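See below for the structure under consideration.
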There are 2 protein chains.
Amino acid sequence: MSIVVGYVPTPAGEAAVRAAIAEAGLRDEELLVVNSAREGSVVETTVAAEEDLDRVLAQATEAGVRAQVVRGTHRDDFTDEILDLAEKHDASLIVIGLRRRSTVGKFIMGSVAQRILLQADHPVLAVKPPR
Amino acid sequence: MSIVVGYVPTPAGEAAVRAAIAEAGLRDEELLVVNSAREGSVVETTVAAEEDLDRVLAQATEAGVRAQVVRGTHRDDFTDEILDLAEKHDASLIVIGLRRRSTVGKFIMGSVAQRILLQADHPVLAVKPPR
């Protein structure tokens with residue numbers, strides 16, 4: 001079994017990765033980091049993501065966790081990719097990051113997060129960045 | 001630290017309790033089972049809940065997990081009670097059960113689940129009952 005985490009280089013994405021590394025360590029499972037480049041994304045974005053992913057893998061190694069990056073390309077979001085990967089690897093956990101919301105927007109959840117929470121057959125751990 | 005789980009005697013609630021017991025065992029933390037009787041609920045409901053809670057505590061004991069039931073009464077739902085308890089005990093995790101949805105309703109999340117996910121400062125583990 002393994003832990004699947006959706007990674008984007010945002011505070012919520014970093015929080016998800018930190019939590020996923022901790023969970024993988026706790027359960028002694030492999031970490032699969034899903035990073036989907038959007039089709040048509042500019043070169044600069046890809047390069048930045050590459051550095052971020054190297055940093056994520058270094059964090060995992062430092063914590064004694066085996067981790068690998070799973071890349072893919074989806075048109076809209078990476079919900080399907082995360083769900084497919086969780087299914088394929090019989091994931092014990094999917095980890096996602098939720099953004100903190102302003103008072104005005106606090107009842108609105110991102111569509112990716114909502115789709116993963118509702119559609120996943122696997123347990124989903126939702127974390128937020130520190131205040 | 002402790003694990004907080006919201007319990008209602010439904011398939012989603014049972015799934016949440018099972019997951020919460022497993023997490024408490026994995027982390028060697030105490031389990032706090034939140035069960036709020038709605039104001040004005042009939043006697044029959046309370047009696048049923050009492051038996052269910054005994055069963056939940058027995059499940060925890062069997063798994064070697066220290067658990068206690070935290071009771072309260074809220075008018076609408078037990079979101080605030082769960083969030084307050086998580087805050088008070090610096091919970092490492094809040095566990096909630098999500099209902100499986102029909103195809104028609106699959107994008108609708110219950111308001112309690114949504115409020116906990118969005119408002120909690122603590123990581124939230126969302127699980128579903130088995131198919």
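We name chains A, B, ... following the order of the structure tokens; residues begin at 1 in each chain, and ligands are numbered from 1 as shown.
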Practice item. Using only C-alpha atoms, find the residues of chain B whose closest atom to chain A is at most 6 Å away, then write them as a ChimeraX atom specification. Key: /B:123-127
Practice item. Name all residues at most 9 Å from Ile3 in chain B (count only C-alpha atoms; drop same-chain ones fewer than 5 positions away) and give them as a list in words. Key: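 Skipping anything fewer than 5 positions along the chain leaves Ala20, Ile21, Glu23, Ala24, Glu29, Glu30, Leu31, Leu32, Val33, Ala86, His89, Ala91, Ser92, Leu93, Ile94 and Val95 of chain B.
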Review point. With distances taken over only C-alpha atoms, which of A:Gly25, A:Val112, A:Ala63, A:Leu53 is nearest to Tyr7 in chain A?
Key: A:Leu53
Check your understanding: Pick the closest to Glu14 in chain B from B:Ala67, B:Ala113, B:Leu83, B:Ile96: which is it, counting only C-alpha atoms?
Key ->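 Of the candidates, the smallest distance to Glu14 in chain B is held by B:Ile96.
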Exercise for review: Name the residues of chain A that fall into strand (DSSP E or B) according to DSSP on the backbone, using the chain letters and numbers of this document, as a PyMOL selection string.
Suggested key: chain A and resi 2-6+30-38+67-74+93-97+124-127
Practice item. Select from chain B everything DSSP, run on the backbone, classes as helix (DSSP H, G or I), then give the selection as a ChimeraX atom specification. Key: /B:11-27,43-62,79-88,111-119
